[in-house]
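J.: Just so it is clear, I am handing over final26.cif, which has mmCIF, C-alpha atoms.
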data_target
#
loop_
_atom_site.label_atom_id
_atom_site.label_comp_id
_atom_site.auth_asym_id
_atom_site.auth_seq_id
_atom_site.Cartn_x
_atom_site.Cartn_y
_atom_site.Cartn_z
CA MET A 1 19.93 -10.82 -8.58
CA LEU A 2 18.17 -10.63 -5.23
CA LEU A 3 14.71 -9.26 -4.49
CA ILE A 4 13.82 -8.07 -1.02
CA ASN A 5 10.08 -8.63 -0.82
CA THR A 6 8.73 -6.11 1.68
CA ARG A 7 5.03 -7.03 1.35
CA PRO A 8 3.19 -7.96 4.58
CA ALA A 9 3.88 -11.55 5.60
CA HIS A 10 0.40 -12.86 4.72
CA ARG A 11 0.69 -11.52 1.15
CA ALA A 12 4.37 -12.18 0.42
CA GLN A 13 4.13 -15.67 -1.07
CA ALA A 14 2.05 -14.53 -4.06
CA LEU A 15 5.22 -12.84 -5.30
CA SER A 16 8.01 -14.85 -3.69
CA ALA A 17 6.87 -18.34 -4.71
CA PRO A 18 6.80 -17.87 -8.53
CA LEU A 19 10.11 -15.99 -8.49
CA ARG A 20 11.79 -18.79 -6.57
CA GLU A 21 10.49 -21.27 -9.13
CA PHE A 22 12.62 -19.40 -11.69
CA ALA A 23 15.64 -19.72 -9.39
CA LEU A 24 15.53 -16.03 -8.45
CA GLU A 25 16.72 -15.32 -4.93
CA VAL A 26 14.07 -13.72 -2.71
CA LEU A 27 14.35 -12.45 0.85
CA ASP A 28 11.01 -11.91 2.61
CA LEU A 29 11.41 -8.87 4.85
CA PRO A 30 8.00 -7.29 5.63
CA LEU A 31 8.25 -3.57 6.35
CA LEU A 32 4.66 -3.13 7.51
CA GLU A 33 2.42 -4.99 9.92
CA LEU A 34 -1.24 -3.97 10.11
CA ARG A 35 -2.99 -4.10 13.50
CA PRO A 36 -6.76 -3.49 13.77
CA VAL A 37 -7.98 -0.57 15.84
CA ALA A 38 -10.36 -1.81 18.54
CA TRP A 39 -14.04 -1.07 18.04
CA ASN A 40 -14.87 2.19 19.84
CA ALA A 41 -17.44 4.96 20.20
CA THR A 42 -15.77 7.10 17.53
CA LEU A 43 -16.09 4.36 14.94
CA LEU A 44 -19.72 3.79 15.89
CA ARG A 45 -20.52 7.48 15.31
CA GLN A 46 -18.69 7.40 11.97
CA TYR A 47 -20.61 4.35 10.78
CA GLN A 48 -23.86 6.08 11.66
CA GLN A 49 -22.78 8.99 9.44
CA LEU A 50 -21.91 6.60 6.60
CA LEU A 51 -25.53 6.66 5.43
CA HIS A 52 -24.87 10.18 4.10
CA ALA A 53 -21.64 9.33 2.24
CA GLN A 54 -21.66 9.19 -1.56
CA ILE A 55 -18.32 7.39 -2.03
CA ILE A 56 -16.29 4.99 0.12
CA VAL A 57 -12.57 4.70 -0.65
CA VAL A 58 -11.11 1.38 0.55
CA VAL A 59 -7.33 1.52 0.58
CA SER A 60 -6.36 -2.14 1.07
CA PRO A 61 -7.71 -5.67 1.52
CA THR A 62 -7.13 -5.22 5.26
CA ALA A 63 -9.25 -2.05 5.25
CA ALA A 64 -11.96 -3.94 3.37
CA GLU A 65 -11.91 -6.85 5.82
CA ILE A 66 -11.99 -4.71 8.97
CA GLY A 67 -14.35 -2.15 7.48
CA LEU A 68 -16.97 -4.73 6.51
CA ALA A 69 -16.67 -6.53 9.86
CA TYR A 70 -17.23 -3.27 11.73
CA LEU A 71 -20.08 -2.36 9.37
CA LYS A 72 -21.88 -5.47 10.62
CA GLN A 73 -21.00 -4.63 14.21
CA SER A 74 -22.45 -1.13 13.77
CA GLY A 75 -25.84 -2.59 12.89
CA LEU A 76 -25.81 -1.26 9.33
CA SER A 77 -26.27 -3.48 6.30
CA LEU A 78 -24.85 -3.25 2.80
CA ALA A 79 -28.41 -2.84 1.54
CA GLU A 80 -28.58 0.47 3.41
CA LEU A 81 -25.49 1.61 1.48
CA ALA A 82 -26.91 0.74 -1.95
CA HIS A 83 -26.56 4.40 -2.98
CA VAL A 84 -22.79 4.42 -2.30
CA GLN A 85 -20.11 4.22 -5.00
CA TRP A 86 -16.98 2.29 -3.98
CA ILE A 87 -13.34 2.92 -4.91
CA ALA A 88 -10.76 0.17 -4.31
CA VAL A 89 -7.04 0.86 -4.24
CA GLY A 90 -5.85 -2.07 -6.29
CA ALA A 91 -7.16 -5.30 -7.74
CA ALA A 92 -6.72 -7.30 -4.52
CA THR A 93 -8.96 -4.88 -2.63
CA ALA A 94 -11.55 -4.93 -5.43
CA GLU A 95 -11.53 -8.73 -5.41
CA TYR A 96 -12.17 -8.83 -1.67
CA LEU A 97 -15.09 -6.41 -2.03
CA ALA A 98 -16.45 -8.44 -4.96
CA GLN A 99 -16.71 -11.45 -2.65
CA HIS A 100 -19.33 -9.41 -0.80
CA GLN A 101 -21.13 -8.40 -3.99
CA ILE A 102 -19.62 -4.91 -3.98
CA HIS A 103 -18.50 -3.51 -7.33
CA ALA A 104 -15.66 -1.02 -6.97
CA HIS A 105 -13.94 1.46 -9.29
CA VAL A 106 -10.21 0.70 -9.54
CA PRO A 107 -7.65 3.28 -10.74
CA GLU A 108 -5.11 2.27 -13.38
CA VAL A 109 -2.36 3.70 -11.17
CA GLU A 110 -2.74 2.43 -7.62
CA THR A 111 -1.83 5.72 -5.96
CA SER A 112 -3.63 8.75 -4.56
CA GLU A 113 -3.03 10.56 -7.85
CA GLY A 114 -4.49 7.62 -9.72
CA MET A 115 -7.62 7.67 -7.60
CA LEU A 116 -8.06 11.43 -7.89
CA SER A 117 -8.12 11.07 -11.68
CA LEU A 118 -11.08 8.65 -11.60
CA PRO A 119 -14.11 10.16 -13.39
CA ILE A 120 -16.30 9.44 -10.38
CA LEU A 121 -14.27 11.93 -8.31
CA GLN A 122 -14.39 14.56 -11.04
CA GLN A 123 -18.14 15.02 -10.68
CA SER A 124 -19.25 18.34 -9.19
CA THR A 125 -22.04 16.56 -7.31
CA VAL A 126 -19.62 14.76 -4.99
CA GLN A 127 -19.93 16.28 -1.52
CA SER A 128 -19.11 13.50 0.94
CA VAL A 129 -16.38 10.82 0.75
CA ALA A 130 -15.52 8.24 3.40
CA PHE A 131 -12.08 6.65 3.74
CA TRP A 132 -11.50 3.18 5.14
CA ARG A 133 -7.77 3.34 5.78
CA GLY A 134 -4.86 2.79 8.12
CA GLU A 135 -3.34 5.34 10.44
CA GLY A 136 -1.24 7.83 8.47
CA GLY A 137 -2.32 6.59 5.03
CA ARG A 138 -3.70 8.55 2.04
CA GLN A 139 -3.04 11.98 3.54
CA PHE A 140 -2.30 13.54 0.14
CA MET A 141 -5.57 12.39 -1.40
CA MET A 142 -7.60 13.52 1.58
CA GLN A 143 -5.99 16.96 1.53
CA GLN A 144 -6.74 17.35 -2.17
CA LEU A 145 -10.41 16.50 -1.66
CA GLN A 146 -10.71 18.80 1.33
CA GLN A 147 -9.36 21.67 -0.75
CA GLN A 148 -12.21 21.03 -3.18
CA GLY A 149 -14.71 21.53 -0.34
CA ILE A 150 -15.62 17.83 -0.06
CA GLN A 151 -16.62 16.58 3.38
CA LEU A 152 -14.54 13.63 4.57
CA LEU A 153 -15.35 10.77 6.90
CA ASN A 154 -12.02 9.48 8.16
CA PHE A 155 -12.22 5.85 9.35
CA VAL A 156 -8.86 4.84 10.90
CA LEU A 157 -9.29 1.07 10.99
CA TYR A 158 -5.77 -0.14 11.65
CA THR A 159 -2.31 1.01 12.65
CA ARG A 160 0.87 0.33 10.70
CA HIS A 161 4.12 -0.80 12.28
CA CYS A 162 7.41 -2.28 11.23
CA PRO A 163 7.21 -5.86 12.57
CA ASP A 164 9.48 -6.48 15.56
CA LYS A 165 10.94 -9.59 13.92
CA THR A 166 11.95 -7.61 10.82
CA ALA A 167 14.70 -5.72 12.64
CA VAL A 168 16.11 -9.03 13.91
CA MET A 169 15.95 -10.61 10.45
CA PHE A 170 17.59 -7.56 8.90
CA GLN A 171 20.53 -7.65 11.30
CA GLN A 172 21.01 -11.35 10.60
CA GLN A 173 21.06 -10.76 6.83
CA LEU A 174 23.01 -7.48 6.89
CA PRO A 175 26.55 -8.90 6.45
CA TYR A 176 25.38 -10.91 3.44
CA LEU A 177 23.56 -7.95 1.90
CA GLN A 178 26.51 -5.62 2.42
CA HIS A 179 29.01 -7.95 0.77
CA SER A 180 26.83 -9.49 -1.93
CA LYS A 181 27.86 -8.76 -5.52
CA LYS A 182 24.32 -9.39 -6.71
CA LYS A 183 22.07 -6.54 -7.74
CA ILE A 184 19.55 -6.00 -4.94
CA TYR A 185 15.98 -4.90 -5.73
CA VAL A 186 13.68 -3.64 -2.98
CA CYS A 187 9.89 -3.19 -3.33
CA ILE A 188 8.65 0.06 -1.79
CA SER A 189 4.88 0.48 -1.83
CA SER A 190 4.34 3.43 0.53
CA GLU A 191 6.03 6.31 2.28
CA ALA A 192 5.69 4.40 5.57
CA SER A 193 7.56 1.44 4.07
CA TRP A 194 10.30 3.76 2.79
CA LEU A 195 10.71 5.37 6.21
CA ASN A 196 10.96 1.95 7.85
CA TRP A 197 13.55 0.80 5.30
CA GLN A 198 15.65 3.93 5.94
CA ALA A 199 15.45 3.28 9.68
CA LEU A 200 16.70 -0.28 9.21
CA CYS A 201 19.59 1.00 7.08
CA GLN A 202 20.50 3.80 9.47
CA ASN A 203 23.82 2.15 10.31
CA ALA A 204 24.32 0.73 6.81
CA PRO A 205 24.27 3.79 4.51
CA GLU A 206 26.12 2.02 1.70
CA LEU A 207 23.43 -0.65 1.50
CA LEU A 208 20.77 2.06 1.31
CA LYS A 209 22.56 3.59 -1.69
CA LYS A 210 23.40 0.42 -3.60
CA CYS A 211 19.88 -1.05 -3.82
CA HIS A 212 17.56 -0.61 -6.80
CA TYR A 213 14.11 0.47 -5.59
CA LEU A 214 10.83 -0.54 -7.22
CA ALA A 215 8.50 2.31 -6.25
CA LEU A 216 4.72 2.47 -6.47
CA GLY A 217 3.74 5.64 -8.34
CA GLU A 218 5.45 8.85 -9.38
CA ARG A 219 5.15 10.63 -6.03
CA LEU A 220 6.92 7.84 -4.14
CA TYR A 221 9.44 7.60 -6.99
CA ARG A 222 10.30 11.31 -6.57
CA LEU A 223 10.39 10.99 -2.79
CA ILE A 224 12.99 8.23 -2.96
CA LEU A 225 15.03 10.05 -5.60
CA THR A 226 15.26 13.18 -3.46
CA THR A 227 16.00 11.46 -0.14
CA GLN A 228 18.92 13.31 1.40
CA ASN A 229 20.71 10.19 2.71
CA LEU A 230 21.01 8.82 -0.84
CA ASP A 231 23.11 11.77 -2.05
CA GLY A 232 21.56 11.52 -5.50
CA GLN A 233 22.80 7.94 -5.95
CA ALA A 234 19.42 6.18 -5.88
CA GLN A 235 18.43 3.69 -8.55
CA VAL A 236 14.64 3.84 -8.72
CA THR A 237 12.03 2.51 -11.15
CA ALA A 238 8.42 3.70 -10.91
CA PHE A 239 5.51 1.30 -11.36
CA ALA A 240 1.82 1.99 -11.77
CA ARG A 241 1.17 -1.28 -9.89
CA LEU A 242 3.41 -3.33 -7.65
CA ALA A 243 1.33 -6.40 -8.32
CA PRO A 244 3.11 -9.78 -8.31
CA ASP A 245 2.71 -10.27 -12.08
CA VAL A 246 4.19 -6.83 -12.82
CA ILE A 247 7.25 -7.30 -10.60
CA TYR A 248 7.61 -10.87 -11.81
CA ARG A 249 7.81 -9.81 -15.48
CA TYR A 250 10.16 -6.92 -14.73
CA LEU A 251 12.67 -9.06 -12.82
CA LEU A 252 12.60 -11.79 -15.45
CA GLU A 253 13.37 -9.10 -18.06
CA GLN A 254 16.24 -7.84 -15.92
CA LYS A 255 17.60 -11.38 -15.67
CA GLY A 256 17.07 -11.97 -19.40
CA LEU A 257 14.52 -14.74 -18.92
CA ALA A 258 11.48 -12.99 -20.42
#
Could I get this structure in the form of C-alpha cells?
T.:
Amino acid sequence: MLLINTRPAHRAQALSAPLREFALEVLDLPLLELRPVAWNATLLRQYQQLLHAQIIVVVSPTAAEIGLAYLKQSGLSLAELAHVQWIAVGAATAEYLAQHQIHAHVPEVETSEGMLSLPILQQSTVQSVAFWRGEGGRQFMMQQLQQQGIQLLNFVLYTRHCPDKTAVMFQQQLPYLQHSKKKIYVCISSEASWLNWQALCQNAPELLKKCHYLALGERLYRLILTTQNLDGQAQVTAFARLAPDVIYRYLLEQKGLA
C-alpha cells in the first residue's frame, strides 16, 4: 500500500508522519501551492464594505491567516465585526480562528454542500455573505447563494498553483509508480487538485486509472467517477472529511491493522 499525500507542503506531515510510524509508505506530492494576493485598492474597498456583512465564510487556514492580517491592515478591528457570524470550512480553519477569539460554525461535511446545509444559512434574514477564499474556489456555493438573492462580498486572498517542484518530483517517481504492484491511494481535496493530478498523468494514463482516489465530498466523488479519461475504471471513495485522523483510520483498515 502506498499513499500519495497531496496536501500542501506545510500541512503534509500531520498525515504523513503517523502513517510512516505504522510502516505505511507515503509519498508527499503537493498538488496545490497557495500564494497571497498583494494588498490592493480592491481589497481595501471590500474590507470597508465588510461592516455590512452578516456572515463571513473562511475556506481554509490560509484564508483565515491572510484575511485577518489584511483586516488589520484595512484599519478595521474584530470588535467592529462583533455582529458577524463566522463559518469555517473544516476544523483546522476553526482552530485558527479560535486563536483570535473567533467562534465559527463548522459543517459536518467540509464541502460547499455541507456549508449550505448549515442552519445559519437557512435563515431568511441572511442578505449579505462575505467569502475569504482563494482564486477559483467555492464557485458552486457562491452561485447557490446568489440564486437565493444574497449579496456576496468576494475576497480573493490567494492564488492556487501546482508547485513547480511537484512536476519534477512526479517525473522522478513515475517509473516506480507505474511498475509498483502496491495499491496506490491518492488524496483529492478539490477540483483544482484533481485537474492538477490529471495534468501530471497526461502521459501516464494507466497510472491515472489504476489509483484509488480518496475524494472530499459527494460532488468531487461524482466528478472523479465521470472523468472521461478514466473510462469508467476509477476506484473512488468519498469522505465527509479528509482530516488526517480519518484517512489514517481508513488506510489502517485497508491494511488490516485497525
J.: I'd like the neighbourhood of range 239-242 of chain A as a VMD selection string, where a residue qualifies if any of its atoms comes within 9 Å (using all atoms listed in the file), though same-chain residues fewer than 2 positions away should be ignored.
T.: chain A and resid 90 108 to 111 114 187 to 189 214 to 218 221 237 244 to 247
J.: Please determine, counting all atoms listed in the file, which residue among A:Cys211, A:Tyr185, A:Gln143, A:Asp231 has the shortest atom-to-atom distance to Tyr250 in chain A.
T.: A:Tyr185
J.: For this structure, which residues satisfy the selection - the PyMOL selection byres ((chain A and resi 195) around 12) - when it is evaluated on the file as given? I want them as a list in words.
T.: Leu31, Leu32, Arg160, His161, Cys162, Ile188, Ser189, Ser190, Glu191, Ala192, Ser193, Trp194, Asn196, Trp197, Gln198, Ala199, Leu200, Cys201, Gln202, Leu208, Leu220, Leu223, Ile224, Thr227 and Asn229 of chain A
J.: Rank A:Ile102, A:Pro8, A:Met115, A:Ala88 by their smallest atom-to-atom distance to Phe140 in chain A, using only C-alpha atoms, and report the top residue only.
T.: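 Of all the options, A:Met115 lies closest to Phe140 in chain A.
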J.: Within 8 Å of (2.5, -5.6, 3.5), all atoms listed in the file: residues as a PyMOL selection string?
T.: chain A and resi 6-12+30-34
J.: Keeping only C-alpha atoms, write the selected residues to a file as a PDB file, in the coordinates of the input.
T.:
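Everything below was put into again.pdb:
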ATOM      1  CA  THR A   6       8.730  -6.110   1.680  1.00  0.00           C
ATOM      2  CA  ARG A   7       5.030  -7.030   1.350  1.00  0.00           C
ATOM      3  CA  PRO A   8       3.190  -7.960   4.580  1.00  0.00           C
ATOM      4  CA  ALA A   9       3.880 -11.550   5.600  1.00  0.00           C
ATOM      5  CA  HIS A  10       0.400 -12.860   4.720  1.00  0.00           C
ATOM      6  CA  ARG A  11       0.690 -11.520   1.150  1.00  0.00           C
ATOM      7  CA  ALA A  12       4.370 -12.180   0.420  1.00  0.00           C
ATOM      8  CA  PRO A  30       8.000  -7.290   5.630  1.00  0.00           C
ATOM      9  CA  LEU A  31       8.250  -3.570   6.350  1.00  0.00           C
ATOM     10  CA  LEU A  32       4.660  -3.130   7.510  1.00  0.00           C
ATOM     11  CA  GLU A  33       2.420  -4.990   9.920  1.00  0.00           C
ATOM     12  CA  LEU A  34      -1.240  -3.970  10.110  1.00  0.00           C
TER      13      LEU A  34
END
J.: One number please: CA of Val59 in chain A to CA of Val89 in chain A, in Å, one decimal.
T.: 4.9 Å
J.: May I ask which of the residues A:Gln85, A:Asn40, A:Thr125, A:Gln101 is the closest one to Gln151 in chain A, counting all atoms listed in the file?
T.: A:Thr125
